[in-house]
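Visitor: I have a structure I would like to understand better, so I am pasting it below and will then ask my questions one at a time.
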Amino acid sequence: MKIVMLGAPGAGKGTQAKQIAAKYGVPHISTGDIFRANLKEGTELGLKAKVYMDQGQLVPDSLTLELIMDRFSKDDCRNGYVLDGFPRTIPQAEALTKALKDNNDRLDYAIDVDVPDENIINRMSGRRACAKCGGTFHIKYNPTKVEGICDLCGGELYIRNDDKPEIVQKRLVAYHEQTQPLIDYYRNEGILKTVDGTQDVDKVFEDIVAILEA
Ligand code: ADP
Ligand code: ADP
Ligand code: ZN
């Protein structure tokens, strides 16, 4: 199973991708998570990516592609993956299509988690992430049992640097300019599926499972 999650920042791609990965036993691959992990470890890649991330801009394709191709070469990708936050530009999507084609392979679905911009700022301002396991919560829509503490691992929750409203605005601009065109790209490839991402988390997941098991 090879799936791409599409959708604006904060649409719920990560939340859904984690559940898909758990249900179908494929890895959840988030380029954002990999960049943040690199940043935490202070690697050169992390430091390079930070400059863009903090501005709400996309990291250059060359850097992103290098990172993801390396990730695809790992053993756990043999049975597929759920991609969350990659591809984010047409050149990235074309590089992915080509890399798969070279192995006589292709994606199964691109799932667009559709959420209008009006809802996004709300989602982002309440997002809390776990520094230890990458778990994602929301103070109102998906609260943890104990405030500030991850339900999954007991780690401490933090607010992402780029979830400030003014940076979220910039990320939305980048999304509309550079990432939204992927919806048509995958529609043309015949693998686009759209789910209504304004529904609650469980209902969105139900709709995705229905698509995957159709
Ligand atoms: P969200 O899911 O909230 O949009 P991510 O964690 O996916 O956030 O991404 C955070 C930031 O990491 C992006 O704003 C961008 O700077 C960078 N990033 C992640 N994935 C990519 C990608 N495929 N191409 C370019 N930049 C990326
Ligand atoms: P993305 O990976 O697309 O940036 P996330 O999965 O991190 O998005 O979700 C963004 C925020 O919105 C998180 O705080 C998450 O808990 C919350 N969220 C995710 N899905 C929903 C939903 N269906 N309804 C309400 N809030 C949601
Ligand atoms: Zn955790």
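In the structure tokens, each chain is lettered A, B, ... as it comes, each chain's residues begin at 1, and ligands are numbered from 1 in order of appearance.
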Contacts of Asp196 in chain A at 7 Å or less, counting only C-alpha atoms, minus same-chain residues fewer than 3 places along, as JSON, numbers by chain?
Guide: {"A": [113, 114, 115, 199, 204]}
Visitor: Let's have the selection written as a compact mmCIF listing (two decimals), in the first residue's frame, with C-alpha atoms.
Guide:
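Result file out_1.txt:
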# COMPACT_ATOMS: atom_id res chain seq x y z
CA VAL A 113 -8.03 15.90 3.39
CA ASP A 114 -10.10 18.91 2.50
CA VAL A 115 -10.35 21.72 5.08
CA GLN A 199 -15.61 16.15 10.25
CA VAL A 204 -12.56 11.23 8.63
Visitor: Using only C-alpha atoms and all ligand atoms, which residues have at least one atom no more than 6 Å from ligand 2? Output them as a list in words.
Guide: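 Those residues are Pro9, Gly10, Ala11, Gly12, Lys13, Gly14, Thr15, Arg123, Met124, Gly126, Arg127, Arg128, Thr136, Phe137, His138, Tyr141, Asn142, Gly197, Thr198, Gln199, Asp200 and Val201 of chain A.
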Visitor: Keeping only N, CA and C atoms, take the residues you just selected and write them out as a tab-separated table (two decimals), in the first residue's frame.
Guide:
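Result saved to again_31.tsv:
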chain	number	residue	atom	x	y	z
A	9	PRO	N	-1.70	22.75	5.51
A	9	PRO	CA	-1.10	22.57	6.82
A	9	PRO	C	-2.20	22.57	7.88
A	10	GLY	N	-2.20	21.58	8.74
A	10	GLY	CA	-3.22	21.52	9.78
A	10	GLY	C	-4.52	20.86	9.38
A	11	ALA	N	-4.58	20.32	8.17
A	11	ALA	CA	-5.82	19.68	7.72
A	11	ALA	C	-6.09	18.37	8.46
A	12	GLY	N	-5.04	17.82	9.04
A	12	GLY	CA	-5.20	16.54	9.74
A	12	GLY	C	-4.51	15.39	9.03
A	13	LYS	N	-3.58	15.71	8.14
A	13	LYS	CA	-2.85	14.67	7.42
A	13	LYS	C	-2.11	13.74	8.38
A	14	GLY	N	-1.38	14.36	9.30
A	14	GLY	CA	-0.57	13.56	10.23
A	14	GLY	C	-1.44	12.69	11.12
A	15	THR	N	-2.50	13.29	11.65
A	15	THR	CA	-3.42	12.56	12.53
A	15	THR	C	-3.97	11.32	11.82
A	123	ARG	N	-7.20	25.35	14.14
A	123	ARG	CA	-6.55	24.06	14.32
A	123	ARG	C	-5.11	24.23	14.78
A	124	MET	N	-4.41	25.16	14.10
A	124	MET	CA	-2.98	25.31	14.37
A	124	MET	C	-2.70	25.91	15.73
A	126	GLY	N	-4.27	25.55	18.36
A	126	GLY	CA	-4.49	24.59	19.45
A	126	GLY	C	-3.66	23.33	19.33
A	127	ARG	N	-2.84	23.25	18.29
A	127	ARG	CA	-2.04	22.02	18.11
A	127	ARG	C	-0.94	21.93	19.16
A	128	ARG	N	-0.77	20.75	19.70
A	128	ARG	CA	0.32	20.47	20.62
A	128	ARG	C	0.99	19.19	20.15
A	136	THR	N	0.46	13.94	18.04
A	136	THR	CA	-0.13	15.26	17.82
A	136	THR	C	-1.50	15.33	18.49
A	137	PHE	N	-1.73	16.41	19.20
A	137	PHE	CA	-3.00	16.59	19.90
A	137	PHE	C	-3.54	17.99	19.65
A	138	HIS	N	-4.74	18.22	20.19
A	138	HIS	CA	-5.33	19.56	20.07
A	138	HIS	C	-6.00	19.88	21.40
A	141	TYR	N	-9.94	19.89	20.31
A	141	TYR	CA	-10.53	18.84	19.48
A	141	TYR	C	-9.97	17.45	19.76
A	142	ASN	N	-8.79	17.41	20.38
A	142	ASN	CA	-8.17	16.11	20.64
A	142	ASN	C	-7.27	16.24	21.86
A	197	GLY	N	-12.40	16.91	5.56
A	197	GLY	CA	-11.56	16.96	6.75
A	197	GLY	C	-12.11	17.81	7.87
A	198	THR	N	-13.30	18.41	7.66
A	198	THR	CA	-13.90	19.20	8.75
A	198	THR	C	-14.70	18.32	9.71
A	199	GLN	N	-14.88	17.06	9.35
A	199	GLN	CA	-15.61	16.15	10.25
A	199	GLN	C	-14.70	15.77	11.42
A	200	ASP	N	-15.25	15.10	12.44
A	200	ASP	CA	-14.35	14.76	13.53
A	200	ASP	C	-13.39	13.64	13.12
A	201	VAL	N	-12.31	13.52	13.90
A	201	VAL	CA	-11.18	12.67	13.53
A	201	VAL	C	-11.63	11.25	13.16
Visitor: Need to verify the contact set: Thr97 in chain A, 12 Å, only C-alpha atoms, exclusion of same-chain residues closer than 3 positions in sequence. Can you return it as a PDB file with C-alpha atoms, in the first residue's frame?
Guide:
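Writing the result to part.pdb gives the following:
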ATOM      1  CA  LYS A   2       1.464   3.322  -1.106  1.00  0.00           C
ATOM      2  CA  VAL A   4       0.069  10.141  -0.339  1.00  0.00           C
ATOM      3  CA  PRO A  87       5.261  15.562  -2.154  1.00  0.00           C
ATOM      4  CA  ILE A  90       4.990  19.416  -8.702  1.00  0.00           C
ATOM      5  CA  PRO A  91       8.731  18.662  -9.160  1.00  0.00           C
ATOM      6  CA  GLN A  92       8.624  16.515  -5.990  1.00  0.00           C
ATOM      7  CA  ALA A  93       5.563  14.650  -7.284  1.00  0.00           C
ATOM      8  CA  GLU A  94       7.231  14.075 -10.647  1.00  0.00           C
ATOM      9  CA  LEU A 100       8.386   4.448  -8.512  1.00  0.00           C
ATOM     10  CA  LYS A 101       8.192   3.878 -12.269  1.00  0.00           C
ATOM     11  CA  ASP A 102      11.875   2.931 -12.355  1.00  0.00           C
ATOM     12  CA  ASN A 103      10.881   0.061 -10.037  1.00  0.00           C
ATOM     13  CA  ASN A 104       7.764  -0.833 -12.022  1.00  0.00           C
ATOM     14  CA  ASP A 105       5.742   0.525  -9.166  1.00  0.00           C
ATOM     15  CA  ARG A 106       3.142   3.223  -8.553  1.00  0.00           C
ATOM     16  CA  LEU A 107       1.069   4.912  -5.862  1.00  0.00           C
ATOM     17  CA  ASP A 108      -2.330   3.487  -4.934  1.00  0.00           C
ATOM     18  CA  TYR A 185      -1.758  16.317 -10.809  1.00  0.00           C
ATOM     19  CA  TYR A 186      -3.136  13.255  -8.990  1.00  0.00           C
ATOM     20  CA  GLU A 189      -3.157  10.272 -12.666  1.00  0.00           C
TER      21      GLU A 189
END
Visitor: Compute the set of protein, DNA and RNA residues whose minimum atom distance to ligand 3 is at most 9 Å, using only C-alpha atoms and all ligand atoms, and state it as a list in words.
Guide: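 The residues near ligand 3 are Ala129, Cys130, Ala131, Lys132, Cys133, Gly134, Gly135, Thr136, Ile149, Cys150, Asp151, Leu152, Cys153, Gly154, Gly155, Glu156 and Leu157 of chain A.
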Visitor: One number please: atom 17 (C, counted along the ligand's line) of ligand 1 to CA of Met53 in chain A, in Å, one decimal.
Guide: 5.3 Å
Visitor: Tell me, in Å to one decimal, how far CA of Ile121 in chain A is from CA of Glu206 in chain A.
Guide: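 Computed distance, CA of Ile121 in chain A to CA of Glu206 in chain A, equals 24.6 Å.
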Visitor: List every residue of chain A that has an atom at most 6 Å from any atom of ligand 1, and for each one report the closest atom pair and its distance in Å to one decimal, counting only C-alpha atoms and all ligand atoms, with rows sorted by chain and then by increasing residue number, as JSON lines.
Guide:
{"residue": "A:Pro9", "atom": "CA", "partner": "ligand 1", "partner_atom_place_in_ligand_line": "4 (O)", "distance": 3.4}
{"residue": "A:Gly10", "atom": "CA", "partner": "ligand 1", "partner_atom_place_in_ligand_line": "3 (O)", "distance": 4.9}
{"residue": "A:Thr31", "atom": "CA", "partner": "ligand 1", "partner_atom_place_in_ligand_line": "20 (N)", "distance": 4.4}
{"residue": "A:Gly32", "atom": "CA", "partner": "ligand 1", "partner_atom_place_in_ligand_line": "6 (O)", "distance": 3.4}
{"residue": "A:Asp33", "atom": "CA", "partner": "ligand 1", "partner_atom_place_in_ligand_line": "6 (O)", "distance": 5.7}
{"residue": "A:Tyr52", "atom": "CA", "partner": "ligand 1", "partner_atom_place_in_ligand_line": "16 (O)", "distance": 5.4}
{"residue": "A:Met53", "atom": "CA", "partner": "ligand 1", "partner_atom_place_in_ligand_line": "16 (O)", "distance": 3.6}
{"residue": "A:Gly56", "atom": "CA", "partner": "ligand 1", "partner_atom_place_in_ligand_line": "14 (O)", "distance": 5.1}
{"residue": "A:Gln57", "atom": "CA", "partner": "ligand 1", "partner_atom_place_in_ligand_line": "16 (O)", "distance": 4.9}
{"residue": "A:Leu58", "atom": "CA", "partner": "ligand 1", "partner_atom_place_in_ligand_line": "26 (N)", "distance": 3.7}
{"residue": "A:Val59", "atom": "CA", "partner": "ligand 1", "partner_atom_place_in_ligand_line": "26 (N)", "distance": 3.8}
{"residue": "A:Pro60", "atom": "CA", "partner": "ligand 1", "partner_atom_place_in_ligand_line": "25 (C)", "distance": 5.9}
{"residue": "A:Thr64", "atom": "CA", "partner": "ligand 1", "partner_atom_place_in_ligand_line": "24 (N)", "distance": 5.6}
{"residue": "A:Gly85", "atom": "CA", "partner": "ligand 1", "partner_atom_place_in_ligand_line": "7 (O)", "distance": 4.3}
{"residue": "A:Phe86", "atom": "CA", "partner": "ligand 1", "partner_atom_place_in_ligand_line": "23 (N)", "distance": 3.9}
{"residue": "A:Pro87", "atom": "CA", "partner": "ligand 1", "partner_atom_place_in_ligand_line": "23 (N)", "distance": 4.8}
{"residue": "A:Arg88", "atom": "CA", "partner": "ligand 1", "partner_atom_place_in_ligand_line": "23 (N)", "distance": 4.6}
{"residue": "A:Arg171", "atom": "CA", "partner": "ligand 1", "partner_atom_place_in_ligand_line": "14 (O)", "distance": 5.9}
Visitor: I need the residue nearest Ile159 in chain A from this list: A:Leu192, A:Val146, A:Ile208, A:Ile139. Use only C-alpha atoms for the distance.
Guide: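 With only C-alpha atoms as the atom set, the closest residue is A:Ile139.
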Visitor: Using only C-alpha atoms, which of the listed residues (A:Asp84, A:Ser125, A:Tyr24, A:Leu63) sits closest to Ile167 in chain A?
Guide: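 Distance minimum relative to Ile167 in chain A lands on A:Ser125.
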Visitor: Check range 1-212 of chain A with DSSP on the backbone and list each residue it calls strand (DSSP E or B), as an NGL selection string.
Guide: :A and (2-6 or 28-30 or 81-84 or 109-114 or 127-130 or 136-138 or 142 or 149 or 156-158 or 192-196)
Visitor: What is the distance between CA of Ile3 in chain A and CA of Asp117 in chain A, in Å to one decimal?
Guide: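 Rounded to one decimal, the two atoms are 23.7 Å apart.
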